[in-house]
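File shown: my_file-v6.txt. Contents: compact mmCIF, C-alpha atoms.
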# COMPACT_ATOMS: atom_id res chain seq x y z
CA MET A 1 -0.58 2.14 -66.73
CA SER A 2 -2.28 -0.18 -64.34
CA GLU A 3 -3.82 1.05 -61.12
CA ASN A 4 -1.69 -1.48 -59.25
CA VAL A 5 1.55 0.15 -60.42
CA LEU A 6 0.47 3.50 -59.01
CA SER A 7 -1.07 2.31 -55.76
CA ASN A 8 0.30 3.79 -52.57
CA GLU A 9 0.38 0.30 -51.09
CA LYS A 10 2.66 -1.01 -53.85
CA LEU A 11 4.93 2.05 -53.66
CA ARG A 12 5.13 1.78 -49.86
CA GLU A 13 6.13 -1.87 -50.22
CA ILE A 14 8.92 -0.92 -52.62
CA PHE A 15 9.93 1.94 -50.34
CA ARG A 16 10.11 -0.33 -47.27
CA GLY A 17 12.41 -2.70 -49.15
CA LEU A 18 14.66 0.18 -50.15
CA GLN A 19 14.62 1.49 -46.59
CA GLU A 20 15.98 -1.87 -45.40
CA GLU A 21 18.74 -1.63 -48.03
CA ALA A 22 19.41 1.97 -47.00
CA GLY A 23 19.70 0.90 -43.36
CA SER A 24 22.49 -1.47 -44.37
CA LEU A 25 24.05 1.22 -46.53
CA LEU A 26 24.32 3.52 -43.51
CA GLN A 27 27.13 1.27 -42.30
CA GLN A 28 29.03 2.12 -45.50
CA LYS A 29 29.07 5.87 -45.12
CA GLU A 30 31.15 6.58 -48.23
CA LYS A 31 28.72 4.65 -50.44
CA ALA A 32 25.76 6.40 -48.82
CA LEU A 33 27.41 9.76 -49.45
CA GLU A 34 27.91 8.72 -53.08
CA VAL A 35 24.15 8.13 -53.41
CA ILE A 36 23.49 11.61 -52.02
CA GLY A 37 26.05 13.11 -54.39
CA ALA A 38 24.48 11.33 -57.36
CA VAL A 39 21.03 12.64 -56.42
CA ASN A 40 22.36 16.18 -56.03
CA GLY A 41 24.05 15.93 -59.42
CA ARG A 42 20.94 14.60 -61.11
CA LEU A 43 18.79 17.30 -59.53
CA GLU A 44 21.04 20.00 -60.97
CA LYS A 45 19.88 18.83 -64.40
CA ASP A 46 16.33 17.91 -63.38
CA GLU A 47 14.64 21.29 -63.09
CA MET A 48 11.10 19.90 -63.11
CA LEU A 49 11.58 17.73 -60.02
CA ARG A 50 13.83 20.24 -58.29
CA ASN A 51 11.07 22.83 -58.59
CA ALA A 52 8.37 20.39 -57.48
CA VAL A 53 10.03 19.27 -54.25
CA GLU A 54 11.61 22.08 -52.23
CA ASP A 55 12.54 19.67 -49.45
CA ILE A 56 15.05 17.60 -51.41
CA PRO A 57 18.07 19.87 -50.76
CA GLY A 58 17.17 19.95 -47.05
CA MET A 59 16.70 16.19 -46.99
CA SER A 60 20.07 15.81 -48.67
CA ALA A 61 21.82 18.13 -46.20
CA PHE A 62 20.12 16.31 -43.30
CA ALA A 63 21.30 12.85 -44.41
CA GLU A 64 24.78 14.08 -45.28
CA SER A 65 25.19 15.77 -41.89
CA TRP A 66 24.18 12.56 -40.10
CA LEU A 67 26.60 10.48 -42.17
CA LYS A 68 29.40 12.91 -41.33
CA GLY A 69 28.59 12.68 -37.60
CA GLU A 70 27.30 16.25 -37.41
CA ASN A 71 23.69 15.32 -36.60
CA PRO A 72 23.89 12.40 -34.16
CA GLU A 73 20.54 13.11 -32.52
CA ALA A 74 18.67 12.13 -35.70
CA SER A 75 17.38 8.57 -35.84
CA GLU A 76 18.78 5.99 -38.23
CA ASN A 77 15.19 5.33 -39.30
CA SER A 78 14.83 8.93 -40.49
CA VAL A 79 18.13 8.88 -42.34
CA SER A 80 17.38 5.52 -43.95
CA ALA A 81 13.96 6.84 -45.07
CA VAL A 82 15.59 9.81 -46.79
CA LEU A 83 18.28 7.62 -48.32
CA ALA A 84 15.63 5.13 -49.52
CA SER A 85 13.75 7.91 -51.32
CA PHE A 86 17.01 8.93 -53.01
CA MET A 87 17.69 5.34 -54.01
CA TYR A 88 14.21 5.14 -55.54
CA TYR A 89 14.73 8.37 -57.45
CA MET A 90 17.97 7.00 -58.91
CA LYS A 91 16.35 3.71 -60.02
CA THR A 92 16.02 3.38 -63.77
CA ASP A 93 13.23 0.83 -63.51
CA ASP A 94 10.88 2.57 -61.08
CA ALA A 95 7.09 2.30 -61.30
CA ILE A 96 6.71 5.10 -63.86
CA HIS A 97 9.68 5.85 -66.06
CA ASP A 98 10.99 9.36 -65.45
CA GLN A 99 11.36 9.97 -69.18
CA ILE A 100 7.56 10.29 -69.47
CA PRO A 101 6.99 14.05 -69.20
CA VAL A 102 5.37 15.17 -65.92
CA ILE A 103 3.70 11.81 -65.21
CA GLY A 104 7.07 10.10 -64.85
CA TYR A 105 7.66 11.86 -61.54
CA ILE A 106 4.39 10.98 -59.81
CA ASP A 107 5.86 7.89 -58.16
CA ASP A 108 9.07 9.71 -57.20
CA LEU A 109 7.07 12.51 -55.59
CA ARG A 110 5.05 9.99 -53.59
CA VAL A 111 8.19 8.25 -52.37
CA PHE A 112 9.75 11.57 -51.35
CA ALA A 113 6.51 12.27 -49.45
CA PHE A 114 6.74 8.89 -47.68
CA ALA A 115 10.28 9.72 -46.57
CA ARG A 116 9.30 13.22 -45.49
CA GLU A 117 6.43 11.80 -43.46
CA LEU A 118 8.62 9.22 -41.71
CA ALA A 119 11.46 11.64 -40.99
CA ALA A 120 9.37 14.77 -40.36
CA GLU A 121 10.37 15.34 -36.75
CA ASP A 122 14.10 14.97 -37.40
CA LEU A 123 13.95 16.97 -40.65
CA ASP A 124 12.07 19.81 -38.97
CA ARG A 125 14.51 19.87 -36.06
CA PHE A 126 17.44 19.92 -38.50
CA ALA A 127 15.87 22.71 -40.58
CA GLY A 128 15.22 24.78 -37.46
CA ARG A 129 18.77 24.31 -36.29
CA ASN A 130 20.18 25.37 -39.66
CA SER A 131 17.96 28.35 -40.43
Here is a file; write its structure as structure tokens.
Amino acid sequence: MSENVLSNEKLREIFRGLQEEAGSLLQQKEKALEVIGAVNGRLEKDEMLRNAVEDIPGMSAFAESWLKGENPEASENSVSAVLASFMYYMKTDDAIHDQIPVIGYIDDLRVFAFARELAAEDLDRFAGRNS
């Protein structure tokens, strides 16, 4: 694996592109909800990642509530960041193939961290409201 493939800069560039796509997808709420449903379904079978990232169910609930109009105070930027991380996770051709045990999730974990960082204020507010 080349250092370039794993660089934060390269992953952030990919993430920003997906966040633009996710921003457009927010206008198609049913399709965005399908992405969230697909991630939730995959996570049910993906014990390793599910155990590594506790925030994913909360991120999922946050995005879903916004899409359903139940969380209007959250910013579109935060929701698109979460959705972009989900889109990355669902990619079959991401930087490190998920089939590689343990190592295959390094890039996914970084992208989830990017989304968490960008949406932290809204995610924390949502979690506090729903605890």
- prompt: Restricting the calculation to only C-alpha atoms, which member of A:Ala22, A:Leu11, A:Val39, A:Ala127 is positioned closest to A:Gly58?
  reply: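 Between A:Ala22, A:Leu11, A:Val39, A:Ala127, the residue approaching A:Gly58 most closely is A:Ala127.
Between atom CA of A:Ala113 and atom CA of A:Val53 there is a distance of 9.2 Å.
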message: Please determine, counting all atoms listed in the file, which residue among A:Lys31, A:Ile56, A:Leu123, A:Ala63 has the shortest atom-to-atom distance to A:Val111.
response: A:Ile56
message: Just to confirm, what's the straight-line distance from atom CA of A:Ile96 to atom CA of A:Arg110 in Å (one decimal)?
response: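 Atom-to-atom, atom CA of A:Ile96 to atom CA of A:Arg110, that is 11.5 Å.
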- request: Around the point (15.0, 7.1, -55.4), in the coordinates given by the file, pick out the residues reaching within 10 Å, counting all atoms listed in the file, and return them as a PyMOL selection string.
  value: chain A and resi 15+18+35+39+82-92+94+107-109+111-112
query: Could you pull the residues within 12 Å of A:Asn130, counting all atoms listed in the file, minus those fewer than 2 positions along the same chain, as a list of chain:residue names?
result: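 After dropping sequence-adjacent residues, the list is A:Gly58, A:Ala61, A:Phe62, A:Ser65, A:Glu70, A:Asn71, A:Leu123, A:Asp124, A:Arg125, A:Phe126, A:Ala127, A:Gly128.
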task: Could you check which of A:Glu54, A:Glu64, A:Asp46, A:Glu117 is closest to A:Pro101, using all atoms listed in the file?
output: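 Nearest candidate to A:Pro101 out of A:Glu54, A:Glu64, A:Asp46, A:Glu117: A:Asp46.
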query: Taking all atoms listed in the file into account, which of A:Asn40, A:Gln28, A:Asn77, A:Ser60 comes nearest A:Arg16?
result: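 Smallest distance to A:Arg16 is found for A:Asn77.
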- line: With distances taken over all atoms listed in the file, the candidate from A:Glu30, A:Tyr105, A:Pro57, A:Glu13 nearest A:Leu43 is A:Pro57
message: Neighbouring residues of A:Lys29 were defined as those with any atom within 10 Å, considering all atoms listed in the file; residues of the same chain fewer than 3 positions away were excluded. Please report them as a PyMOL selection string.
response: chain A and resi 24-26+32-35+64+66-68
field: Using only C-alpha atoms: which of A:Asp98, A:Arg129, A:Met48, A:Arg12 has the shortest distance to A:Ala115
entry: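 Residue with the minimum atom-to-atom distance to A:Ala115: A:Arg12.
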